[in-house]
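File shown here: protein-v2.csv, holding CSV, N, CA and C atoms.
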chain,number,residue,atom,x,y,z
P,132,MET,N,-41.8,-44.0,39.4
P,132,MET,CA,-41.5,-43.9,38.0
P,132,MET,C,-39.9,-43.9,37.9
P,133,THR,N,-39.4,-44.7,37.0
P,133,THR,CA,-37.9,-44.7,36.8
P,133,THR,C,-37.5,-43.5,36.0
P,134,PRO,N,-36.2,-43.1,36.1
P,134,PRO,CA,-35.7,-42.0,35.2
P,134,PRO,C,-36.0,-42.3,33.7
P,135,LYS,N,-35.9,-43.5,33.3
P,135,LYS,CA,-36.2,-43.8,31.9
P,135,LYS,C,-37.7,-43.5,31.5
P,136,GLU,N,-38.6,-43.9,32.4
P,136,GLU,CA,-40.0,-43.7,32.2
P,136,GLU,C,-40.3,-42.2,32.3
P,137,GLU,N,-39.6,-41.4,33.2
P,137,GLU,CA,-39.8,-40.0,33.2
P,137,GLU,C,-39.4,-39.3,32.0
P,138,VAL,N,-38.2,-39.7,31.5
P,138,VAL,CA,-37.7,-39.1,30.2
P,138,VAL,C,-38.7,-39.5,29.1
P,139,ALA,N,-39.1,-40.7,29.0
P,139,ALA,CA,-40.0,-41.1,28.0
P,139,ALA,C,-41.3,-40.3,28.0
P,140,ARG,N,-41.8,-40.0,29.2
P,140,ARG,CA,-43.0,-39.2,29.3
P,140,ARG,C,-42.8,-37.8,28.8
P,141,ILE,N,-41.7,-37.2,29.1
P,141,ILE,CA,-41.4,-35.9,28.5
P,141,ILE,C,-41.3,-36.0,27.0
P,142,LEU,N,-40.6,-36.9,26.5
P,142,LEU,CA,-40.4,-37.1,25.0
P,142,LEU,C,-41.8,-37.2,24.3
P,143,GLU,N,-42.6,-38.1,24.9
P,143,GLU,CA,-43.9,-38.3,24.3
P,143,GLU,C,-44.8,-37.0,24.3
P,144,ASP,N,-44.8,-36.3,25.4
P,144,ASP,CA,-45.5,-35.1,25.5
P,144,ASP,C,-45.0,-34.0,24.5
P,145,MET,N,-43.7,-33.9,24.4
P,145,MET,CA,-43.1,-32.9,23.5
P,145,MET,C,-43.4,-33.2,22.0
P,146,LEU,N,-43.2,-34.5,21.7
P,146,LEU,CA,-43.5,-34.9,20.3
P,146,LEU,C,-45.0,-34.7,19.9
P,147,GLN,N,-45.8,-34.9,20.8
P,147,GLN,CA,-47.3,-34.7,20.6
P,147,GLN,C,-47.5,-33.2,20.3
P,148,PHE,N,-46.9,-32.3,21.1
P,148,PHE,CA,-47.1,-30.9,20.9
P,148,PHE,C,-46.5,-30.4,19.6
P,149,ALA,N,-45.3,-30.9,19.3
P,149,ALA,CA,-44.6,-30.5,18.1
P,149,ALA,C,-45.4,-31.0,16.9
P,150,ARG,N,-46.0,-32.2,16.9
P,150,ARG,CA,-46.8,-32.7,15.9
P,150,ARG,C,-48.0,-31.8,15.6
P,151,LYS,N,-48.7,-31.4,16.7
P,151,LYS,CA,-49.9,-30.6,16.6
P,151,LYS,C,-49.5,-29.3,15.9
P,152,MET,N,-48.4,-28.6,16.3
P,152,MET,CA,-48.0,-27.4,15.8
P,152,MET,C,-47.6,-27.5,14.3
P,153,LEU,N,-47.0,-28.6,13.9
P,153,LEU,CA,-46.6,-28.8,12.5
P,153,LEU,C,-47.8,-29.1,11.7
P,154,VAL,N,-48.8,-29.8,12.2
P,154,VAL,CA,-50.0,-30.1,11.4
P,154,VAL,C,-50.8,-28.8,11.2
P,155,GLU,N,-50.9,-28.0,12.3
P,155,GLU,CA,-51.8,-26.8,12.3
P,155,GLU,C,-51.1,-25.6,11.7
P,156,HIS,N,-49.8,-25.5,11.8
P,156,HIS,CA,-49.1,-24.3,11.4
P,156,HIS,C,-47.9,-24.5,10.5
P,157,GLY,N,-47.5,-25.7,10.3
P,157,GLY,CA,-46.4,-26.0,9.5
P,157,GLY,C,-45.0,-25.7,10.1
P,158,GLU,N,-45.0,-25.3,11.4
P,158,GLU,CA,-43.8,-25.0,12.1
P,158,GLU,C,-44.1,-24.9,13.5
P,159,PHE,N,-43.0,-24.7,14.3
P,159,PHE,CA,-43.2,-24.4,15.7
P,159,PHE,C,-41.9,-23.7,16.2
P,160,HIS,N,-42.1,-22.9,17.3
P,160,HIS,CA,-41.0,-22.3,17.9
P,160,HIS,C,-40.4,-23.2,19.0
P,161,PRO,N,-39.1,-23.0,19.3
P,161,PRO,CA,-38.6,-23.9,20.3
P,161,PRO,C,-39.4,-23.8,21.6
P,162,PHE,N,-39.5,-24.9,22.3
P,162,PHE,CA,-40.2,-24.9,23.6
P,162,PHE,C,-39.6,-25.9,24.5
P,163,GLY,N,-39.9,-25.8,25.8
P,163,GLY,CA,-39.3,-26.6,26.8
P,163,GLY,C,-40.3,-27.2,27.7
P,164,VAL,N,-39.9,-28.2,28.4
P,164,VAL,CA,-40.8,-28.9,29.5
P,164,VAL,C,-39.9,-29.1,30.7
P,165,CYS,N,-40.5,-28.9,31.8
P,165,CYS,CA,-39.9,-29.1,33.1
P,165,CYS,C,-40.7,-30.2,33.8
P,166,LEU,N,-40.1,-31.2,34.3
P,166,LEU,CA,-40.8,-32.2,35.1
P,166,LEU,C,-40.4,-32.0,36.5
P,167,ALA,N,-41.4,-31.6,37.3
P,167,ALA,CA,-41.2,-31.3,38.8
P,167,ALA,C,-41.2,-32.6,39.6
P,168,SER,N,-40.6,-32.5,40.8
P,168,SER,CA,-40.5,-33.7,41.6
P,168,SER,C,-41.9,-34.2,42.0
P,169,THR,N,-43.0,-33.3,41.9
P,169,THR,CA,-44.3,-33.7,42.2
P,169,THR,C,-45.0,-34.5,41.0
P,170,GLY,N,-44.3,-34.6,39.9
P,170,GLY,CA,-44.8,-35.3,38.7
P,170,GLY,C,-45.5,-34.4,37.8
P,171,ASP,N,-45.7,-33.1,38.1
P,171,ASP,CA,-46.3,-32.1,37.2
P,171,ASP,C,-45.3,-31.8,36.1
P,172,MET,N,-45.9,-31.7,34.9
P,172,MET,CA,-45.1,-31.3,33.8
P,172,MET,C,-45.6,-29.9,33.3
P,173,VAL,N,-44.6,-29.0,33.2
P,173,VAL,CA,-45.0,-27.6,32.8
P,173,VAL,C,-44.2,-27.3,31.5
P,174,GLN,N,-45.0,-26.9,30.5
P,174,GLN,CA,-44.4,-26.5,29.2
P,174,GLN,C,-44.1,-25.0,29.3
P,175,SER,N,-43.0,-24.6,28.6
P,175,SER,CA,-42.5,-23.3,28.6
P,175,SER,C,-42.1,-22.9,27.2
P,176,GLY,N,-42.4,-21.7,26.8
P,176,GLY,CA,-42.0,-21.1,25.6
P,176,GLY,C,-41.5,-19.7,25.8
P,177,VAL,N,-40.9,-19.1,24.8
P,177,VAL,CA,-40.4,-17.8,24.9
P,177,VAL,C,-40.8,-17.0,23.7
P,178,GLN,N,-41.0,-15.7,23.8
P,178,GLN,CA,-41.4,-14.9,22.7
P,178,GLN,C,-40.5,-13.7,22.7
P,179,ILE,N,-39.8,-13.5,21.6
P,179,ILE,CA,-38.9,-12.4,21.4
P,179,ILE,C,-39.0,-11.8,20.0
P,180,ASP,N,-38.9,-10.5,19.9
P,180,ASP,CA,-38.9,-9.9,18.6
P,180,ASP,C,-37.5,-10.0,18.1
P,181,GLY,N,-37.4,-10.4,16.8
P,181,GLY,CA,-36.1,-10.6,16.2
P,181,GLY,C,-35.3,-11.7,16.8
P,182,GLY,N,-34.1,-11.9,16.4
P,182,GLY,CA,-33.3,-13.0,16.8
P,182,GLY,C,-33.8,-14.3,16.1
P,183,GLY,N,-33.0,-15.3,16.3
P,183,GLY,CA,-33.3,-16.6,15.6
P,183,GLY,C,-33.5,-17.7,16.7
P,184,ALA,N,-33.5,-18.9,16.2
P,184,ALA,CA,-33.8,-20.1,17.0
P,184,ALA,C,-32.8,-20.2,18.1
P,185,ALA,N,-31.5,-19.9,17.8
P,185,ALA,CA,-30.5,-20.0,18.9
P,185,ALA,C,-30.7,-19.0,20.0
P,186,ASP,N,-31.2,-17.8,19.7
P,186,ASP,CA,-31.5,-16.8,20.7
P,186,ASP,C,-32.7,-17.3,21.6
P,187,ARG,N,-33.7,-17.9,20.9
P,187,ARG,CA,-34.8,-18.4,21.6
P,187,ARG,C,-34.4,-19.6,22.6
P,188,MET,N,-33.5,-20.4,22.1
P,188,MET,CA,-33.1,-21.6,22.9
P,188,MET,C,-32.3,-21.1,24.1
P,189,ARG,N,-31.4,-20.1,24.0
P,189,ARG,CA,-30.7,-19.6,25.1
P,189,ARG,C,-31.7,-19.0,26.1
P,190,LEU,N,-32.7,-18.2,25.7
P,190,LEU,CA,-33.6,-17.6,26.5
P,190,LEU,C,-34.5,-18.6,27.2
P,191,LEU,N,-34.9,-19.7,26.5
P,191,LEU,CA,-35.7,-20.8,27.0
P,191,LEU,C,-34.9,-21.5,28.1
P,192,GLU,N,-33.6,-21.8,27.8
P,192,GLU,CA,-32.8,-22.5,28.8
P,192,GLU,C,-32.7,-21.7,30.1
P,193,SER,N,-32.5,-20.4,29.9
P,193,SER,CA,-32.4,-19.5,31.1
P,193,SER,C,-33.7,-19.5,31.9
P,194,ALA,N,-34.8,-19.4,31.2
P,194,ALA,CA,-36.1,-19.4,31.9
P,194,ALA,C,-36.4,-20.7,32.6
P,195,LEU,N,-36.0,-21.8,32.0
P,195,LEU,CA,-36.2,-23.1,32.7
P,195,LEU,C,-35.2,-23.3,33.9
P,196,GLN,N,-34.0,-22.8,33.8
P,196,GLN,CA,-33.0,-22.9,34.9
P,196,GLN,C,-33.5,-22.1,36.1
P,197,GLU,N,-34.2,-21.0,35.8
P,197,GLU,CA,-34.7,-20.2,36.9
P,197,GLU,C,-35.9,-20.8,37.7
P,198,ARG,N,-36.4,-21.8,37.2
P,198,ARG,CA,-37.6,-22.4,37.9
P,198,ARG,C,-37.0,-23.0,39.2
P,199,GLU,N,-37.8,-22.9,40.3
P,199,GLU,CA,-37.4,-23.4,41.6
P,199,GLU,C,-38.4,-24.4,42.2
P,200,ASP,N,-38.8,-25.3,41.3
P,200,ASP,CA,-39.8,-26.3,41.8
P,200,ASP,C,-39.3,-27.7,41.9
P,201,GLY,N,-38.0,-27.8,42.2
P,201,GLY,CA,-37.4,-29.1,42.3
P,201,GLY,C,-37.5,-30.0,41.1
P,202,ALA,N,-37.1,-29.4,40.0
P,202,ALA,CA,-37.1,-30.1,38.7
P,202,ALA,C,-36.2,-31.4,38.7
P,203,ILE,N,-36.8,-32.5,38.2
P,203,ILE,CA,-36.0,-33.7,38.1
P,203,ILE,C,-35.6,-34.0,36.7
P,204,ALA,N,-36.3,-33.4,35.7
P,204,ALA,CA,-35.9,-33.6,34.3
P,204,ALA,C,-36.4,-32.4,33.5
P,205,TYR,N,-35.7,-32.3,32.3
P,205,TYR,CA,-36.1,-31.2,31.4
P,205,TYR,C,-36.1,-31.7,30.0
P,206,GLY,N,-36.8,-31.0,29.1
P,206,GLY,CA,-36.8,-31.3,27.7
P,206,GLY,C,-36.8,-30.0,26.9
P,207,LEU,N,-36.1,-30.0,25.8
P,207,LEU,CA,-36.0,-28.8,24.9
P,207,LEU,C,-36.3,-29.3,23.5
P,208,ALA,N,-37.2,-28.7,22.8
P,208,ALA,CA,-37.6,-29.1,21.5
P,208,ALA,C,-37.4,-28.0,20.5
P,209,SER,N,-36.9,-28.3,19.3
P,209,SER,CA,-36.7,-27.4,18.2
P,209,SER,C,-36.8,-28.1,16.9
P,210,SER,N,-37.0,-27.4,15.9
P,210,SER,CA,-37.1,-27.9,14.5
P,210,SER,C,-35.7,-27.7,13.9
P,211,VAL,N,-35.1,-28.7,13.4
P,211,VAL,CA,-33.8,-28.7,12.8
P,211,VAL,C,-33.7,-29.2,11.4
P,212,TRP,N,-32.7,-28.8,10.7
P,212,TRP,CA,-32.4,-29.4,9.3
P,212,TRP,C,-31.2,-30.3,9.5
P,213,LEU,N,-31.3,-31.5,9.1
P,213,LEU,CA,-30.2,-32.5,9.2
P,213,LEU,C,-29.7,-32.8,7.8
P,214,PRO,N,-28.6,-32.1,7.5
P,214,PRO,CA,-28.0,-32.3,6.1
P,214,PRO,C,-27.4,-33.7,6.0
P,215,GLN,N,-27.6,-34.3,4.8
P,215,GLN,CA,-27.0,-35.6,4.5
P,215,GLN,C,-25.8,-35.4,3.5
P,216,SER,N,-26.1,-34.6,2.4
P,216,SER,CA,-25.0,-34.4,1.5
P,216,SER,C,-25.5,-33.3,0.5
P,217,ASP,N,-24.6,-32.4,0.1
P,217,ASP,CA,-24.9,-31.4,-0.9
P,217,ASP,C,-26.4,-30.9,-1.0
P,218,ASP,N,-26.8,-30.2,0.0
P,218,ASP,CA,-28.2,-29.6,0.0
P,218,ASP,C,-29.3,-30.7,0.1
P,219,VAL,N,-28.9,-31.9,0.4
P,219,VAL,CA,-29.9,-33.0,0.6
P,219,VAL,C,-29.9,-33.3,2.1
P,220,GLY,N,-31.1,-33.4,2.6
P,220,GLY,CA,-31.2,-33.7,4.0
P,220,GLY,C,-32.7,-33.8,4.4
P,221,PHE,N,-33.0,-33.6,5.6
P,221,PHE,CA,-34.4,-33.7,6.0
P,221,PHE,C,-34.6,-32.8,7.3
P,222,ASP,N,-35.9,-32.4,7.4
P,222,ASP,CA,-36.3,-31.7,8.6
P,222,ASP,C,-36.5,-32.7,9.8
P,223,ALA,N,-36.3,-32.3,11.0
P,223,ALA,CA,-36.5,-33.2,12.1
P,223,ALA,C,-36.9,-32.4,13.3
P,224,VAL,N,-37.7,-33.0,14.2
P,224,VAL,CA,-37.9,-32.4,15.5
P,224,VAL,C,-36.8,-33.0,16.4
P,225,LYS,N,-36.0,-32.0,17.0
P,225,LYS,CA,-35.0,-32.4,17.9
P,225,LYS,C,-35.5,-32.2,19.3
P,226,VAL,N,-35.4,-33.2,20.1
P,226,VAL,CA,-35.8,-33.1,21.5
P,226,VAL,C,-34.6,-33.5,22.4
P,227,SER,N,-34.1,-32.5,23.1
P,227,SER,CA,-33.0,-32.8,24.1
P,227,SER,C,-33.6,-33.1,25.4
P,228,VAL,N,-33.3,-34.2,26.0
P,228,VAL,CA,-33.9,-34.6,27.3
P,228,VAL,C,-32.7,-34.8,28.3
P,229,GLU,N,-33.0,-34.4,29.5
P,229,GLU,CA,-32.0,-34.4,30.5
P,229,GLU,C,-32.6,-34.8,31.9
P,230,HIS,N,-32.1,-35.7,32.6
P,230,HIS,CA,-32.6,-36.1,33.9
P,230,HIS,C,-31.5,-35.9,34.9
P,231,ARG,N,-31.9,-35.6,36.1
P,231,ARG,CA,-31.0,-35.3,37.2
P,231,ARG,C,-30.1,-36.6,37.6
P,232,ASP,N,-30.6,-37.8,37.2
P,232,ASP,CA,-29.8,-39.0,37.5
P,232,ASP,C,-28.8,-39.3,36.4
P,233,GLY,N,-28.5,-38.3,35.5
P,233,GLY,CA,-27.4,-38.4,34.6
P,233,GLY,C,-27.7,-38.8,33.2
P,234,TYR,N,-29.0,-38.9,32.8
P,234,TYR,CA,-29.3,-39.3,31.5
P,234,TYR,C,-29.5,-38.0,30.6
P,235,CYS,N,-28.7,-37.9,29.5
P,235,CYS,CA,-28.8,-36.8,28.6
P,235,CYS,C,-28.8,-37.4,27.2
P,236,ALA,N,-29.8,-37.0,26.4
P,236,ALA,CA,-29.9,-37.5,25.0
P,236,ALA,C,-30.5,-36.5,24.1
P,237,ASP,N,-30.1,-36.5,22.9
P,237,ASP,CA,-30.8,-35.7,21.8
P,237,ASP,C,-31.5,-36.7,20.9
P,238,VAL,N,-32.8,-36.6,20.8
P,238,VAL,CA,-33.6,-37.5,20.0
P,238,VAL,C,-34.1,-36.8,18.8
P,239,PHE,N,-33.9,-37.4,17.6
P,239,PHE,CA,-34.3,-36.8,16.4
P,239,PHE,C,-35.4,-37.5,15.7
P,240,CYS,N,-36.5,-36.8,15.3
P,240,CYS,CA,-37.6,-37.4,14.7
P,240,CYS,C,-37.9,-36.7,13.4
P,241,PRO,N,-37.4,-37.3,12.3
P,241,PRO,CA,-37.6,-36.8,11.0
P,241,PRO,C,-39.1,-36.6,10.6
P,242,TYR,N,-39.4,-35.5,9.9
P,242,TYR,CA,-40.7,-35.3,9.4
P,242,TYR,C,-40.7,-34.8,8.0
P,243,ASP,N,-41.9,-34.9,7.4
P,243,ASP,CA,-42.1,-34.5,6.0
P,243,ASP,C,-43.4,-33.8,5.9
P,244,LEU,N,-43.4,-32.5,5.7
P,244,LEU,CA,-44.7,-31.7,5.7
P,244,LEU,C,-45.5,-32.0,4.4
P,245,SER,N,-44.9,-32.6,3.4
P,245,SER,CA,-45.6,-32.9,2.2
P,245,SER,C,-46.6,-34.0,2.3
P,246,ARG,N,-46.5,-34.8,3.4
P,246,ARG,CA,-47.4,-35.9,3.7
P,246,ARG,C,-48.7,-35.4,4.4
P,247,SER,N,-49.7,-36.2,4.3
P,247,SER,CA,-50.9,-35.8,5.0
P,247,SER,C,-50.7,-35.9,6.5
P,248,ASP,N,-49.9,-36.8,7.0
P,248,ASP,CA,-49.5,-36.9,8.4
P,248,ASP,C,-48.0,-36.7,8.4
P,249,PRO,N,-47.6,-35.4,8.7
P,249,PRO,CA,-46.2,-35.1,8.6
P,249,PRO,C,-45.2,-35.8,9.6
P,250,LEU,N,-45.8,-36.3,10.6
P,250,LEU,CA,-44.9,-37.0,11.6
P,250,LEU,C,-45.0,-38.5,11.6
P,251,ILE,N,-45.1,-39.0,10.4
P,251,ILE,CA,-44.9,-40.5,10.2
P,251,ILE,C,-43.4,-40.6,10.0
P,252,PHE,N,-42.7,-41.0,11.1
P,252,PHE,CA,-41.2,-41.0,11.1
P,252,PHE,C,-40.7,-42.2,10.4
P,253,ALA,N,-39.7,-42.0,9.5
P,253,ALA,CA,-39.0,-43.1,8.9
P,253,ALA,C,-38.3,-43.8,10.0
P,254,GLU,N,-37.6,-43.1,10.8
P,254,GLU,CA,-36.8,-43.7,11.9
P,254,GLU,C,-36.4,-42.7,12.9
P,255,ILE,N,-36.8,-42.9,14.1
P,255,ILE,CA,-36.4,-42.0,15.2
P,255,ILE,C,-35.0,-42.5,15.7
P,256,PHE,N,-34.1,-41.5,15.9
P,256,PHE,CA,-32.8,-41.9,16.4
P,256,PHE,C,-32.3,-41.0,17.4
P,257,ALA,N,-31.3,-41.4,18.2
P,257,ALA,CA,-30.8,-40.6,19.3
P,257,ALA,C,-29.3,-40.7,19.4
P,258,GLN,N,-28.8,-39.7,20.1
P,258,GLN,CA,-27.4,-39.7,20.4
P,258,GLN,C,-27.2,-39.1,21.8
P,259,ARG,N,-26.0,-39.3,22.4
P,259,ARG,CA,-25.7,-38.7,23.7
P,259,ARG,C,-25.8,-37.2,23.6
P,260,GLY,N,-26.5,-36.6,24.5
P,260,GLY,CA,-26.6,-35.2,24.5
P,260,GLY,C,-25.6,-34.5,25.5
P,261,ASP,N,-25.5,-33.2,25.3
P,261,ASP,CA,-24.7,-32.4,26.2
P,261,ASP,C,-25.6,-31.8,27.3
P,262,PRO,N,-25.2,-31.9,28.6
P,262,PRO,CA,-26.0,-31.4,29.7
P,262,PRO,C,-26.1,-29.9,29.7
P,263,VAL,N,-27.2,-29.4,30.0
P,263,VAL,CA,-27.4,-28.0,30.2
P,263,VAL,C,-27.9,-27.7,31.6
P,264,PHE,N,-28.7,-28.5,32.2
P,264,PHE,CA,-29.3,-28.2,33.5
P,264,PHE,C,-28.7,-29.0,34.6
P,265,PHE,N,-28.2,-30.2,34.4
P,265,PHE,CA,-27.6,-31.0,35.4
P,265,PHE,C,-26.2,-31.3,35.0
P,266,ILE,N,-25.4,-30.3,34.8
P,266,ILE,CA,-24.0,-30.5,34.2
P,266,ILE,C,-23.2,-31.5,35.0
P,267,LEU,N,-23.2,-31.6,36.3
P,267,LEU,CA,-22.4,-32.5,37.0
P,267,LEU,C,-22.9,-33.9,37.0
P,268,ALA,N,-24.2,-34.1,36.6
P,268,ALA,CA,-24.8,-35.4,36.7
P,268,ALA,C,-24.5,-36.2,35.4
P,269,CYS,N,-24.4,-35.5,34.3
P,269,CYS,CA,-24.2,-36.2,33.0
P,269,CYS,C,-22.8,-36.5,32.6

Rewrite the coordinates I just gave you, this time as structure tokens.
Amino acid sequence: MTPKEEVARILEDMLQFARKMLVEHGEFHPFGVCLASTGDMVQSGVQIDGGGAADRMRLLESALQEREDGAIAYGLASSVWLPQSDDVGFDAVKVSVEHRDGYCADVFCPYDLSRSDPLIFAEIFAQRGDPVFFILAC
């Protein structure tokens, strides 16, 4: 599998889980995925009392960094608000993906919970991401 295919696999898996949580619960807590060199994908989440999404993300990053199973790629997902102008904007699933071969991207998938299918995306878009796990590679 190429690095692009591995990252696409992570992204697909994470969006599927985020969609399920949004449909069933109307929200989701940040979660992560580690793709091991064996091809196994392991989802991770964190549970803390108090604190916000930023605290959960830091704890999640630390938990994933501590894994010692030869990870080749990671993904982190969170729900974000993307402002457009003066209190106007939209909710989106943000998935940050990172591959040891130097690929880092933040992918944004807008969603609307007022629809019967909240994850019918108007348009998925991406931008270059900041490395967290493979800092020297990106």

Distance of atom CA of P:Ala204 from atom N of P:Ser168, expressed in Å to one decimal place: 8.1 Å

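One finds atom CA of P:Gly206 at 6.4 Å from atom CA of P:Glu229.
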
All strand (DSSP E or B) positions in stretch 178-249 of chain P, as number ranges by chain: P: 202-216, 219-230, 235-242

Atomic separation - atom N of P:Gly170 relative to atom C of P:Ala202, Å: 8.8 Å

Distance query stretch 231-236 of chain P at most 6.5 Å, all atoms listed in the file, self and fewer than 4 positions along chain excluded, as a ChimeraX atom specification: /P:203-205,226-227,257-262,265,268-269

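Among P:Asp218, P:Ala149, P:Pro161, P:Gly201, the residue with the shortest atom-to-atom distance to P:Asp186, counting only C-alpha atoms, is P:Pro161.
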
Residues flagged helix (DSSP H, G or I) by DSSP in chain P, as JSON, numbers by chain: {"P": [134, 135, 136, 137, 138, 139, 140, 141, 142, 143, 144, 145, 146, 147, 148, 149, 150, 151, 152, 153, 154, 155, 156, 184, 185, 186, 187, 188, 189, 190, 191, 192, 193, 194, 195, 196]}
